[in-house]
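**Q** Take a look at coords07.csv, CSV, C-alpha atoms:
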chain,number,residue,atom,x,y,z
A,1,MET,CA,3.7,16.4,3.7
A,2,ASN,CA,7.3,16.4,2.6
A,3,LYS,CA,8.4,14.7,-0.5
A,4,LEU,CA,10.3,11.4,-0.1
A,5,LYS,CA,13.9,11.8,-1.1
A,6,LYS,CA,16.1,9.1,-2.7
A,7,VAL,CA,15.2,5.8,-0.9
A,8,LYS,CA,18.1,4.4,0.9
A,9,TYR,CA,16.4,2.1,3.4
A,10,LEU,CA,13.4,-0.3,3.5
A,11,VAL,CA,12.2,-0.5,7.1
A,12,VAL,CA,10.2,-3.4,8.5
A,13,HIS,CA,7.8,-2.8,11.4
A,14,HIS,CA,5.0,-4.6,13.3
A,15,SER,CA,1.8,-3.0,14.4
A,16,GLN,CA,2.3,-4.4,18.0
A,17,ARG,CA,-1.5,-5.1,18.1
A,18,LYS,CA,-3.2,-8.4,18.5
A,19,ASN,CA,-6.4,-7.0,17.0
A,20,ASN,CA,-7.6,-3.8,15.2
A,21,ASN,CA,-4.9,-4.1,12.6
A,22,SER,CA,-6.8,-2.6,9.7
A,23,LEU,CA,-5.5,0.3,7.7
A,24,GLN,CA,-8.3,2.5,9.0
A,25,LYS,CA,-7.6,1.7,12.7
A,26,ILE,CA,-3.8,2.2,12.4
A,27,LYS,CA,-4.3,5.4,10.4
A,28,LYS,CA,-6.8,6.7,13.1
A,29,ALA,CA,-4.2,6.0,15.8
A,30,HIS,CA,-1.5,7.7,13.8
A,31,LEU,CA,-3.7,10.8,13.2
A,32,LYS,CA,-4.4,11.0,16.9
A,33,ARG,CA,-0.6,11.1,17.4
A,34,GLY,CA,-0.4,14.1,15.1
A,35,PHE,CA,0.7,12.4,11.9
A,36,GLU,CA,-0.6,13.8,8.6
A,37,ASP,CA,-1.5,10.3,7.4
A,38,ILE,CA,-0.8,6.7,8.3
A,39,GLY,CA,3.0,6.5,9.0
A,40,TYR,CA,3.7,3.4,6.9
A,41,HIS,CA,3.8,3.1,3.2
A,42,TYR,CA,2.6,-0.5,3.2
A,43,LEU,CA,0.8,-2.9,5.5
A,44,ILE,CA,0.9,-6.7,5.2
A,45,THR,CA,-1.9,-8.6,6.8
A,46,LYS,CA,-1.8,-12.0,8.3
A,47,THR,CA,-3.2,-13.5,5.1
A,48,GLY,CA,-0.3,-11.9,3.2
A,49,LYS,CA,-2.4,-9.2,1.5
A,50,ILE,CA,-0.3,-6.1,0.8
A,51,ILE,CA,-2.2,-2.8,1.3
A,52,GLN,CA,-0.9,0.6,0.2
A,53,GLY,CA,-0.7,3.1,3.1
A,54,ARG,CA,0.9,6.5,2.6
A,55,SER,CA,1.9,7.3,-0.9
A,56,GLU,CA,5.6,6.6,-1.8
A,57,LYS,CA,5.7,10.2,-3.1
A,58,PHE,CA,5.8,11.4,0.6
A,59,GLN,CA,8.0,10.8,3.6
A,60,GLY,CA,6.6,8.3,6.0
A,61,ALA,CA,6.4,8.7,9.8
A,62,HIS,CA,7.9,5.5,11.0
A,63,VAL,CA,11.6,5.7,12.0
A,64,TYR,CA,13.3,8.6,13.8
A,65,ASN,CA,15.7,10.6,11.7
A,66,HIS,CA,15.3,8.4,8.6
A,67,ASN,CA,11.8,9.2,7.2
A,68,LYS,CA,13.2,11.4,4.5
A,69,ASN,CA,15.0,8.4,2.8
A,70,SER,CA,13.1,5.3,3.7
A,71,ILE,CA,9.9,3.3,3.0
A,72,GLY,CA,8.1,1.8,5.9
A,73,ILE,CA,6.5,-1.6,5.6
A,74,CYS,CA,4.4,-2.9,8.6
A,75,LEU,CA,3.4,-6.5,9.3
A,76,THR,CA,0.1,-6.5,11.2
A,77,GLY,CA,0.3,-8.3,14.5
A,78,ASN,CA,2.4,-8.4,17.6
A,79,PHE,CA,5.6,-10.3,16.9
A,80,ASP,CA,6.9,-10.0,20.4
A,81,LEU,CA,4.1,-12.5,21.3
A,82,ASN,CA,3.6,-14.6,18.1
A,83,LYS,CA,5.4,-15.5,14.9
A,84,PRO,CA,4.2,-13.8,11.7
A,85,SER,CA,2.3,-16.0,9.3
A,86,LYS,CA,4.2,-17.7,6.5
A,87,LYS,CA,2.1,-15.7,4.0
A,88,GLN,CA,3.2,-12.5,5.6
A,89,ILE,CA,6.9,-13.3,5.3
A,90,GLU,CA,6.4,-14.4,1.7
A,91,SER,CA,4.6,-11.2,0.9
A,92,LEU,CA,7.3,-9.2,2.8
A,93,VAL,CA,10.0,-10.8,0.7
A,94,GLN,CA,8.0,-10.2,-2.5
A,95,ILE,CA,7.5,-6.4,-1.8
A,96,LEU,CA,11.1,-6.0,-0.6
A,97,LYS,CA,12.3,-7.5,-3.8
A,98,LYS,CA,10.2,-5.1,-5.9
A,99,LYS,CA,11.3,-2.1,-3.9
A,100,ILE,CA,15.0,-3.2,-4.0
A,101,LYS,CA,14.7,-3.2,-7.8
A,102,LYS,CA,12.7,0.0,-8.1
A,103,HIS,CA,14.8,2.1,-5.7
A,104,LYS,CA,18.2,0.3,-6.0
A,105,VAL,CA,18.4,-0.3,-2.3
A,106,LEU,CA,21.2,-2.5,-1.0
A,107,ILE,CA,20.2,-5.6,0.9
A,108,LYS,CA,22.3,-4.5,3.9
A,109,ASN,CA,19.9,-1.5,4.1
A,110,ILE,CA,16.8,-3.6,4.6
A,111,LEU,CA,16.4,-3.1,8.3
A,112,GLY,CA,14.0,-3.8,11.2
A,113,HIS,CA,13.0,-0.7,13.0
A,114,ARG,CA,15.1,-1.8,16.0
A,115,GLU,CA,18.3,-1.8,13.9
A,116,PHE,CA,18.5,2.0,13.7
A,117,PRO,CA,20.5,4.0,16.1
A,118,LYS,CA,18.8,5.3,19.2
A,119,ILE,CA,15.8,2.9,18.8
A,120,THR,CA,15.0,1.0,22.0
A,121,LYS,CA,11.9,-0.8,20.7
A,122,THR,CA,11.9,-4.5,19.7
A,123,CYS,CA,10.1,-3.7,16.4
A,124,PRO,CA,9.4,-5.6,14.2
A,125,GLY,CA,9.2,-8.0,17.2
A,126,ARG,CA,11.5,-10.7,18.6
A,127,PHE,CA,9.9,-13.3,16.3
A,128,VAL,CA,11.0,-11.5,13.1
A,129,ASP,CA,14.6,-12.4,12.2
A,130,MET,CA,15.9,-9.7,9.9
A,131,ASN,CA,19.0,-11.7,9.1
A,132,GLU,CA,16.8,-14.5,7.8
A,133,ILE,CA,14.8,-12.0,5.7
A,134,ARG,CA,18.0,-10.5,4.2
A,135,ASN,CA,19.2,-14.1,3.5
A,136,LYS,CA,16.0,-14.9,1.7
A,137,LEU,CA,16.4,-11.7,-0.4
A,138,LYS,CA,20.0,-12.7,-1.3
A,139,GLN,CA,18.8,-16.2,-2.3
A,140,LYS,CA,16.2,-14.7,-4.6
A,141,HIS,CA,18.8,-12.6,-6.3
A,142,LEU,CA,21.0,-15.5,-7.4
Using structure tokens, write down the structure from this file.

**A**
Amino acid sequence: MNKLKKVKYLVVHHSQRKNNNSLQKIKKAHLKRGFEDIGYHYLITKTGKIIQGRSEKFQGAHVYNHNKNSIGICLTGNFDLNKPSKKQIESLVQILKKKIKKHKVLIKNILGHREFPKITKTCPGRFVDMNEIRNKLKQKHL
């Protein structure tokens, strides 16, 4: 696996699954697709539990053309169909805050997968409002 370069982006995803959202199931699906490990650096479960995926030492496999300088964080669930839990959003804001501080990432570079060029997916789902997430991060920095 390639080493992760300077982190410029924090990328939010959803697993697009109603069920089988465990680290092991997602990793198995990613390995079947030819990835060297799970593509995401972190998963956040419905209960708000943050689970380490791929080591931050290595590039993820989660956003075309930006894996070399980004960390991928995946909310488990399908947020085209349902809203993420309040605990998931709280944990997402918590981990984003830590990663902003650690890697000196600008809030404008906290993006949903769909916000990158040439991405046609809805990821992290139509019920995840990235502007709202960025606004929460701004409030927490005051």

**Q** Just checking: using only C-alpha atoms, which residue out of A:Ala29, A:Ile38, A:Val63, A:Ile50 ends up closest to Lys121 in chain A?

**A** A:Val63

**Q** For His14 in chain A, please output as a PyMOL selection string all residues within 6 Å (counting all atoms listed in the file; exclusion window: fewer than 6 positions along the same chain).

**A** chain A and resi 74-76+124

**Q** Would you please work out which residue, of A:Arg33, A:His41, A:Lys57, A:Lys49, is nearest to Lys3 in chain A when using all atoms listed in the file?

**A**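 That would be A:Lys57, the residue with the smallest distance to Lys3 in chain A.
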
**Q** Residues within 10 Å of range 136-140 of chain A, please, as a list in words. Count all atoms listed in the file; anything in the same chain fewer than 5 positions from it doesn't count.

**A** Ile89, Glu90, Leu92, Val93, Gln94, Leu96, Lys97, Ile100, Ile107, Lys108, Ile110, Met130 and Asn131 of chain A

**Q** Can you pull out every residue within 10 Å of Gln52 in chain A, counting only C-alpha atoms, but drop anything in the same chain fewer than 6 positions away, and send it as number ranges by chain?

**A** A: 23, 40-44, 73

**Q** What separation in Å, quoted to one decimal, exists between CA of Ser15 in chain A and CA of Thr45 in chain A?

**A**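 It comes out at 10.1 Å.
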
**Q** When you draw a straight line from CA of Val105 in chain A to CA of Val7 in chain A, how long is it in Å?

**A**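 Separating CA of Val105 in chain A from CA of Val7 in chain A is a distance of 7.0 Å.
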
**Q** In terms of the shortest atom-to-atom distance over only C-alpha atoms, which of A:Lys28, A:Arg126, A:His113, A:Arg134 is closest to Tyr64 in chain A?

**A** A:His113

**Q** Rank A:Lys32, A:Lys46, A:Lys8, A:Lys27 by their smallest atom-to-atom distance to Phe79 in chain A, using all atoms listed in the file, and report the top residue only.

**A**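 Smallest distance to Phe79 in chain A is found for A:Lys46.
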
**Q** Which of these, A:Leu111, A:Val128, A:Ile119, A:Met1, has the shortest distance to Ala61 in chain A once you count only C-alpha atoms?

**A** A:Met1

**Q** Point out the residue among A:Leu106, A:His30, A:Thr120, A:Leu81 with the least atom-to-atom distance to His62 in chain A, counting only C-alpha atoms.

**A**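 Closest to His62 in chain A of all the choices is A:His30.
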
**Q** Could you check how far CA of Asn2 in chain A sits from CA of Gln59 in chain A, in Å to one decimal?

**A**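 Distance between the two atoms: 5.7 Å.
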